[in-house]
$ cat structure-v9.pdb   # PDB, C-alpha atoms
ATOM      1  CA  MET A   1      77.565 106.426  35.629  1.00  0.00           C
ATOM      2  CA  ASN A   2      76.101 103.867  38.040  1.00  0.00           C
ATOM      3  CA  GLU A   3      78.688 101.769  39.786  1.00  0.00           C
ATOM      4  CA  ALA A   4      78.398  98.016  40.224  1.00  0.00           C
ATOM      5  CA  LYS A   5      76.387  96.825  43.194  1.00  0.00           C
ATOM      6  CA  PRO A   6      78.656  95.688  46.051  1.00  0.00           C
ATOM      7  CA  THR A   7      78.582  91.970  46.790  1.00  0.00           C
ATOM      8  CA  ALA A   8      77.402  90.630  50.136  1.00  0.00           C
ATOM      9  CA  GLN A   9      81.036  89.996  51.066  1.00  0.00           C
ATOM     10  CA  GLU A  10      82.058  93.557  50.095  1.00  0.00           C
ATOM     11  CA  LEU A  11      79.232  94.943  52.229  1.00  0.00           C
ATOM     12  CA  GLN A  12      80.296  92.786  55.172  1.00  0.00           C
ATOM     13  CA  GLU A  13      83.918  93.913  54.769  1.00  0.00           C
ATOM     14  CA  ALA A  14      82.802  97.571  54.707  1.00  0.00           C
ATOM     15  CA  GLU A  15      81.821  97.452  58.407  1.00  0.00           C
ATOM     16  CA  GLY A  16      83.913 100.017  60.264  1.00  0.00           C
ATOM     17  CA  ARG A  17      85.473 101.626  57.190  1.00  0.00           C
ATOM     18  CA  THR A  18      85.706 105.396  57.086  1.00  0.00           C
ATOM     19  CA  LEU A  19      84.960 107.732  54.215  1.00  0.00           C
ATOM     20  CA  SER A  20      87.053 110.750  53.377  1.00  0.00           C
ATOM     21  CA  ASP A  21      85.310 114.077  53.657  1.00  0.00           C
ATOM     22  CA  LEU A  22      84.266 115.762  50.442  1.00  0.00           C
ATOM     23  CA  ILE A  23      85.467 119.183  51.476  1.00  0.00           C
ATOM     24  CA  GLY A  24      87.449 122.201  50.397  1.00  0.00           C
ATOM     25  CA  PRO A  25      87.739 125.939  50.931  1.00  0.00           C
ATOM     26  CA  GLY A  26      84.981 128.381  50.026  1.00  0.00           C
ATOM     27  CA  LEU A  27      82.023 126.078  50.648  1.00  0.00           C
ATOM     28  CA  LYS A  28      78.500 127.443  50.628  1.00  0.00           C
ATOM     29  CA  VAL A  29      77.212 124.484  52.652  1.00  0.00           C
ATOM     30  CA  LEU A  30      78.845 121.607  54.466  1.00  0.00           C
ATOM     31  CA  PHE A  31      76.314 118.762  54.655  1.00  0.00           C
ATOM     32  CA  VAL A  32      76.761 116.546  57.710  1.00  0.00           C
ATOM     33  CA  GLY A  33      75.364 113.038  57.418  1.00  0.00           C
ATOM     34  CA  ILE A  34      74.924 110.740  60.401  1.00  0.00           C
ATOM     35  CA  ASN A  35      77.491 108.127  59.301  1.00  0.00           C
ATOM     36  CA  PRO A  36      78.206 106.087  56.194  1.00  0.00           C
ATOM     37  CA  GLY A  37      76.170 102.977  55.593  1.00  0.00           C
ATOM     38  CA  LEU A  38      77.767  99.768  54.443  1.00  0.00           C
ATOM     39  CA  TRP A  39      77.022 100.555  50.786  1.00  0.00           C
ATOM     40  CA  SER A  40      78.945 103.836  51.132  1.00  0.00           C
ATOM     41  CA  GLY A  41      81.711 102.050  53.011  1.00  0.00           C
ATOM     42  CA  ALA A  42      82.000  99.480  50.222  1.00  0.00           C
ATOM     43  CA  THR A  43      81.981 102.012  47.371  1.00  0.00           C
ATOM     44  CA  GLY A  44      83.789 104.912  49.032  1.00  0.00           C
ATOM     45  CA  ARG A  45      80.943 107.240  47.974  1.00  0.00           C
ATOM     46  CA  HIS A  46      78.708 109.351  50.177  1.00  0.00           C
ATOM     47  CA  PHE A  47      74.972 108.535  50.233  1.00  0.00           C
ATOM     48  CA  ALA A  48      75.654 105.678  47.808  1.00  0.00           C
ATOM     49  CA  ARG A  49      72.831 103.291  48.667  1.00  0.00           C
ATOM     50  CA  PRO A  50      70.088 103.205  46.045  1.00  0.00           C
ATOM     51  CA  GLY A  51      66.948 104.619  47.591  1.00  0.00           C
ATOM     52  CA  ASN A  52      68.790 107.310  49.530  1.00  0.00           C
ATOM     53  CA  ARG A  53      67.108 110.564  48.588  1.00  0.00           C
ATOM     54  CA  PHE A  54      70.094 112.877  49.083  1.00  0.00           C
ATOM     55  CA  TRP A  55      71.129 113.108  45.426  1.00  0.00           C
ATOM     56  CA  PRO A  56      67.612 113.559  43.974  1.00  0.00           C
ATOM     57  CA  ALA A  57      66.774 116.085  46.725  1.00  0.00           C
ATOM     58  CA  LEU A  58      69.797 118.191  45.790  1.00  0.00           C
ATOM     59  CA  HIS A  59      68.469 118.430  42.256  1.00  0.00           C
ATOM     60  CA  LEU A  60      64.858 119.048  43.286  1.00  0.00           C
ATOM     61  CA  GLY A  61      66.078 121.781  45.634  1.00  0.00           C
ATOM     62  CA  GLY A  62      67.952 123.539  42.821  1.00  0.00           C
ATOM     63  CA  ILE A  63      71.382 122.848  44.304  1.00  0.00           C
ATOM     64  CA  THR A  64      72.565 120.758  41.351  1.00  0.00           C
ATOM     65  CA  PRO A  65      71.649 121.360  37.700  1.00  0.00           C
ATOM     66  CA  ARG A  66      70.801 117.661  37.248  1.00  0.00           C
ATOM     67  CA  ARG A  67      70.539 114.581  39.411  1.00  0.00           C
ATOM     68  CA  LEU A  68      74.068 113.537  40.249  1.00  0.00           C
ATOM     69  CA  GLN A  69      75.048 109.973  41.005  1.00  0.00           C
ATOM     70  CA  PRO A  70      77.248 109.146  44.001  1.00  0.00           C
ATOM     71  CA  ALA A  71      80.167 108.475  41.625  1.00  0.00           C
ATOM     72  CA  GLU A  72      79.867 112.122  40.531  1.00  0.00           C
ATOM     73  CA  GLU A  73      80.148 113.536  44.053  1.00  0.00           C
ATOM     74  CA  GLN A  74      83.182 115.645  43.076  1.00  0.00           C
ATOM     75  CA  GLU A  75      80.818 117.783  40.975  1.00  0.00           C
ATOM     76  CA  LEU A  76      78.981 118.717  44.164  1.00  0.00           C
ATOM     77  CA  LEU A  77      82.226 120.062  45.611  1.00  0.00           C
ATOM     78  CA  ASP A  78      82.772 122.036  42.415  1.00  0.00           C
ATOM     79  CA  LEU A  79      79.376 123.703  43.038  1.00  0.00           C
ATOM     80  CA  GLY A  80      80.454 124.771  46.536  1.00  0.00           C
ATOM     81  CA  TYR A  81      78.849 122.014  48.598  1.00  0.00           C
ATOM     82  CA  GLY A  82      80.726 119.518  50.751  1.00  0.00           C
ATOM     83  CA  ILE A  83      79.924 116.373  52.715  1.00  0.00           C
ATOM     84  CA  THR A  84      81.177 114.959  55.988  1.00  0.00           C
ATOM     85  CA  GLY A  85      79.745 112.574  58.538  1.00  0.00           C
ATOM     86  CA  MET A  86      79.013 113.135  62.200  1.00  0.00           C
ATOM     87  CA  VAL A  87      80.494 109.683  62.800  1.00  0.00           C
ATOM     88  CA  ARG A  88      82.929 108.444  60.223  1.00  0.00           C
ATOM     89  CA  ARG A  89      82.700 104.642  60.600  1.00  0.00           C
ATOM     90  CA  ALA A  90      80.399 102.649  58.348  1.00  0.00           C
ATOM     91  CA  THR A  91      77.649 100.602  59.987  1.00  0.00           C
ATOM     92  CA  ALA A  92      74.618  98.676  58.802  1.00  0.00           C
ATOM     93  CA  THR A  93      72.355 101.107  60.706  1.00  0.00           C
ATOM     94  CA  ALA A  94      72.827 104.322  62.670  1.00  0.00           C
ATOM     95  CA  GLN A  95      71.314 102.538  65.689  1.00  0.00           C
ATOM     96  CA  GLU A  96      74.695 100.825  66.124  1.00  0.00           C
ATOM     97  CA  LEU A  97      76.301 104.155  67.038  1.00  0.00           C
ATOM     98  CA  LYS A  98      76.925 105.125  70.650  1.00  0.00           C
ATOM     99  CA  PRO A  99      76.304 108.599  72.148  1.00  0.00           C
ATOM    100  CA  HIS A 100      80.027 109.111  72.784  1.00  0.00           C
ATOM    101  CA  GLU A 101      80.675 108.645  69.050  1.00  0.00           C
ATOM    102  CA  TYR A 102      78.312 111.523  68.277  1.00  0.00           C
ATOM    103  CA  ARG A 103      80.028 113.725  70.876  1.00  0.00           C
ATOM    104  CA  GLU A 104      83.464 112.855  69.458  1.00  0.00           C
ATOM    105  CA  GLY A 105      82.099 113.605  66.002  1.00  0.00           C
ATOM    106  CA  ALA A 106      80.860 116.988  67.210  1.00  0.00           C
ATOM    107  CA  ARG A 107      84.361 117.898  68.406  1.00  0.00           C
ATOM    108  CA  ARG A 108      85.863 116.794  65.079  1.00  0.00           C
ATOM    109  CA  LEU A 109      83.209 118.761  63.207  1.00  0.00           C
ATOM    110  CA  GLU A 110      83.980 121.905  65.203  1.00  0.00           C
ATOM    111  CA  GLU A 111      87.611 121.630  64.082  1.00  0.00           C
ATOM    112  CA  THR A 112      86.555 121.020  60.464  1.00  0.00           C
ATOM    113  CA  VAL A 113      84.268 124.066  60.504  1.00  0.00           C
ATOM    114  CA  ARG A 114      86.989 126.188  62.135  1.00  0.00           C
ATOM    115  CA  THR A 115      89.411 125.119  59.383  1.00  0.00           C
ATOM    116  CA  TYR A 116      87.133 125.461  56.323  1.00  0.00           C
ATOM    117  CA  GLN A 117      84.579 128.094  57.439  1.00  0.00           C
ATOM    118  CA  PRO A 118      81.647 127.135  55.189  1.00  0.00           C
ATOM    119  CA  LYS A 119      78.810 129.673  55.018  1.00  0.00           C
ATOM    120  CA  LEU A 120      76.382 127.144  56.528  1.00  0.00           C
ATOM    121  CA  VAL A 121      76.537 123.745  58.231  1.00  0.00           C
ATOM    122  CA  CYS A 122      73.548 121.548  57.385  1.00  0.00           C
ATOM    123  CA  PHE A 123      72.869 118.397  59.393  1.00  0.00           C
ATOM    124  CA  LEU A 124      71.022 115.578  57.644  1.00  0.00           C
ATOM    125  CA  GLY A 125      69.461 113.954  60.668  1.00  0.00           C
ATOM    126  CA  ILE A 126      68.131 115.736  63.715  1.00  0.00           C
ATOM    127  CA  GLY A 127      69.094 112.980  66.151  1.00  0.00           C
ATOM    128  CA  ALA A 128      72.800 113.263  65.288  1.00  0.00           C
ATOM    129  CA  TYR A 129      72.712 117.001  65.958  1.00  0.00           C
ATOM    130  CA  ARG A 130      70.721 116.636  69.176  1.00  0.00           C
ATOM    131  CA  THR A 131      73.009 113.939  70.571  1.00  0.00           C
ATOM    132  CA  GLY A 132      76.351 115.279  69.384  1.00  0.00           C
ATOM    133  CA  PHE A 133      75.801 118.850  70.476  1.00  0.00           C
ATOM    134  CA  GLY A 134      73.606 118.245  73.509  1.00  0.00           C
ATOM    135  CA  ARG A 135      70.555 119.953  71.999  1.00  0.00           C
ATOM    136  CA  PRO A 136      67.714 117.545  72.893  1.00  0.00           C
ATOM    137  CA  LYS A 137      64.994 120.047  71.957  1.00  0.00           C
ATOM    138  CA  ALA A 138      66.424 121.091  68.575  1.00  0.00           C
ATOM    139  CA  GLN A 139      63.869 121.271  65.761  1.00  0.00           C
ATOM    140  CA  LEU A 140      64.264 121.170  61.984  1.00  0.00           C
ATOM    141  CA  GLY A 141      65.404 124.357  60.283  1.00  0.00           C
ATOM    142  CA  LEU A 142      67.802 127.152  61.195  1.00  0.00           C
ATOM    143  CA  GLN A 143      69.171 126.839  64.738  1.00  0.00           C
ATOM    144  CA  ASP A 144      69.820 129.608  67.244  1.00  0.00           C
ATOM    145  CA  GLU A 145      73.274 128.149  67.915  1.00  0.00           C
ATOM    146  CA  THR A 146      76.276 128.291  65.599  1.00  0.00           C
ATOM    147  CA  ILE A 147      79.356 126.122  65.214  1.00  0.00           C
ATOM    148  CA  GLU A 148      82.491 128.242  65.297  1.00  0.00           C
ATOM    149  CA  GLY A 149      80.346 131.233  64.298  1.00  0.00           C
ATOM    150  CA  VAL A 150      78.825 129.410  61.300  1.00  0.00           C
ATOM    151  CA  PRO A 151      75.017 129.123  61.139  1.00  0.00           C
ATOM    152  CA  VAL A 152      73.532 125.650  61.581  1.00  0.00           C
ATOM    153  CA  TRP A 153      70.535 124.214  59.725  1.00  0.00           C
ATOM    154  CA  VAL A 154      68.971 120.824  60.456  1.00  0.00           C
ATOM    155  CA  LEU A 155      67.131 118.707  57.889  1.00  0.00           C
ATOM    156  CA  PRO A 156      65.644 115.237  58.223  1.00  0.00           C
ATOM    157  CA  ASN A 157      67.773 112.264  57.263  1.00  0.00           C
ATOM    158  CA  PRO A 158      67.288 111.566  53.508  1.00  0.00           C
ATOM    159  CA  SER A 159      67.536 107.798  53.976  1.00  0.00           C
ATOM    160  CA  GLY A 160      64.882 105.826  52.170  1.00  0.00           C
ATOM    161  CA  LEU A 161      64.020 104.394  55.583  1.00  0.00           C
ATOM    162  CA  ASN A 162      62.757 107.804  56.723  1.00  0.00           C
ATOM    163  CA  ALA A 163      59.149 107.510  55.568  1.00  0.00           C
ATOM    164  CA  HIS A 164      57.972 110.652  57.390  1.00  0.00           C
ATOM    165  CA  PHE A 165      59.105 112.875  54.496  1.00  0.00           C
ATOM    166  CA  THR A 166      58.303 112.622  50.780  1.00  0.00           C
ATOM    167  CA  MET A 167      60.604 113.486  47.898  1.00  0.00           C
ATOM    168  CA  ASP A 168      58.600 116.690  47.464  1.00  0.00           C
ATOM    169  CA  ASP A 169      59.275 117.515  51.128  1.00  0.00           C
ATOM    170  CA  PHE A 170      62.991 116.973  50.621  1.00  0.00           C
ATOM    171  CA  GLY A 171      63.030 119.098  47.477  1.00  0.00           C
ATOM    172  CA  ARG A 172      61.322 121.944  49.349  1.00  0.00           C
ATOM    173  CA  LEU A 173      63.601 121.629  52.392  1.00  0.00           C
ATOM    174  CA  PHE A 174      66.797 121.555  50.322  1.00  0.00           C
ATOM    175  CA  ALA A 175      65.527 124.581  48.369  1.00  0.00           C
ATOM    176  CA  GLU A 176      65.107 126.436  51.677  1.00  0.00           C
ATOM    177  CA  VAL A 177      68.760 125.731  52.515  1.00  0.00           C
ATOM    178  CA  ARG A 178      69.868 126.884  49.043  1.00  0.00           C
ATOM    179  CA  GLN A 179      67.838 130.093  49.316  1.00  0.00           C
ATOM    180  CA  ALA A 180      69.142 130.811  52.817  1.00  0.00           C
ATOM    181  CA  VAL A 181      72.772 130.456  51.810  1.00  0.00           C
ATOM    182  CA  GLU A 182      72.220 132.537  48.672  1.00  0.00           C
ATOM    183  CA  ALA A 183      70.843 135.320  50.890  1.00  0.00           C
ATOM    184  CA  MET A 184      73.963 135.301  53.135  1.00  0.00           C
TER     185      MET A 184
END
$ encode --input "structure-v9.pdb" --output "structure tokens"
Amino acid sequence: MNEAKPTAQELQEAEGRTLSDLIGPGLKVLFVGINPGLWSGATGRHFARPGNRFWPALHLGGITPRRLQPAEEQELLDLGYGITGMVRRATATAQELKPHEYREGARRLEETVRTYQPKLVCFLGIGAYRTGFGRPKAQLGLQDETIEGVPVWVLPNPSGLNAHFTMDDFGRLFAEVRQAVEAM
């Protein structure tokens, strides 16, 4: 179910596009990415760039019964997991984002969490959480703070550019999130 690779022109045209949230009522976990990359902007799929470790990590962590492809993201929602972005506009790199965009994203996320009340909010990128919520000393894992009364967990960004963590690390970390939400 792999989709065609976007052309260079399609990637260029994806700059600034927004992705719709993959969200609904009764979520176990709402995953919060930093922002869509150009590949996601071009395809309309979350974590769509080949090499992003989000989809394989979900499977390794026992969240999905098999490795889903970005085009199958609706199946993730059917399992009780949703996706949103801290910042909604697509960029070539997260370095293009400004601090005020993270803070605006935090306010939007608070409203989303208030509306949908997932069991857990899981950030995929510690910098987005630190900047958006003014928590410069936040560490990976379960946070002391909540968003609208919902527990917050922070994981590293699963981008293939994040070389500090292996696939095994991501599998273990996603399994910790799954086990925590199952225990709630």
$ resolve_selection --input "structure-v9.pdb" --expression "the PyMOL selection byres ((chain A and resi 33-48) around 9)" --output "PyMOL selection string"
chain A and resi 3-7+10-22+31-32+49-55+69-73+83-94+97+102+122-125+127-129+157-159
$ residues_around --input "structure-v9.pdb" --residues "Asp169 in chain A" --least-positions-apart "5" --cutoff "10 Å" --atoms "only C-alpha atoms" --output "VMD selection string"
chain A and resid 57 60 to 61 156 164 174 to 175
$ resolve_selection --input "structure-v9.pdb" --expression "the PyMOL selection byres ((chain A and resi 135) around 12)" --output "VMD selection string"
chain A and resid 103 106 126 to 134 136 to 140 143 to 146 154
$ axis_aligned_box --input "structure-v9.pdb" --around "range 136-143 of chain A" --padding-each-side "8 Å" --output "AutoDock Vina command-line options"
--center_x 66.5 --center_y 122.3 --center_z 66.6 --size_x 21.3 --size_y 25.6 --size_z 28.6
$ closest_residue --input "structure-v9.pdb" --among "A:Leu142, A:Arg172, A:Leu27, A:Glu182" --to "Gln117 in chain A" --atoms "only C-alpha atoms"
A:Leu27
$ resolve_selection --input "structure-v9.pdb" --expression "the PyMOL selection byres ((chain A and resi 28) around 9)" --output "MDAnalysis selection string"
chainID A and resid 26:27 29:30 79:82 118:121 178 181:182
$ atom_distance --input "structure-v9.pdb" --atom1 "CA of Ala180 in chain A" --atom2 "CA of Pro151 in chain A"
10.3 Å
$ atom_distance --input "structure-v9.pdb" --atom1 "CA of Gly149 in chain A" --atom2 "CA of Arg108 in chain A"
15.5 Å
$ atom_distance --input "structure-v9.pdb" --atom1 "CA of Tyr116 in chain A" --atom2 "CA of Gly141 in chain A"
22.1 Å
$ closest_residue --input "structure-v9.pdb" --among "A:Val152, A:Gln179, A:Ile23, A:Leu58" --to "Met167 in chain A" --atoms "all atoms listed in the file"
A:Leu58
$ closest_residue --input "structure-v9.pdb" --among "A:Thr64, A:Leu155, A:Ala8, A:Gly24" --to "Val177 in chain A" --atoms "all atoms listed in the file"
A:Leu155
$ closest_residue --input "structure-v9.pdb" --among "A:Arg67, A:His59, A:Val150, A:Thr115" --to "Leu173 in chain A" --atoms "all atoms listed in the file"
A:His59
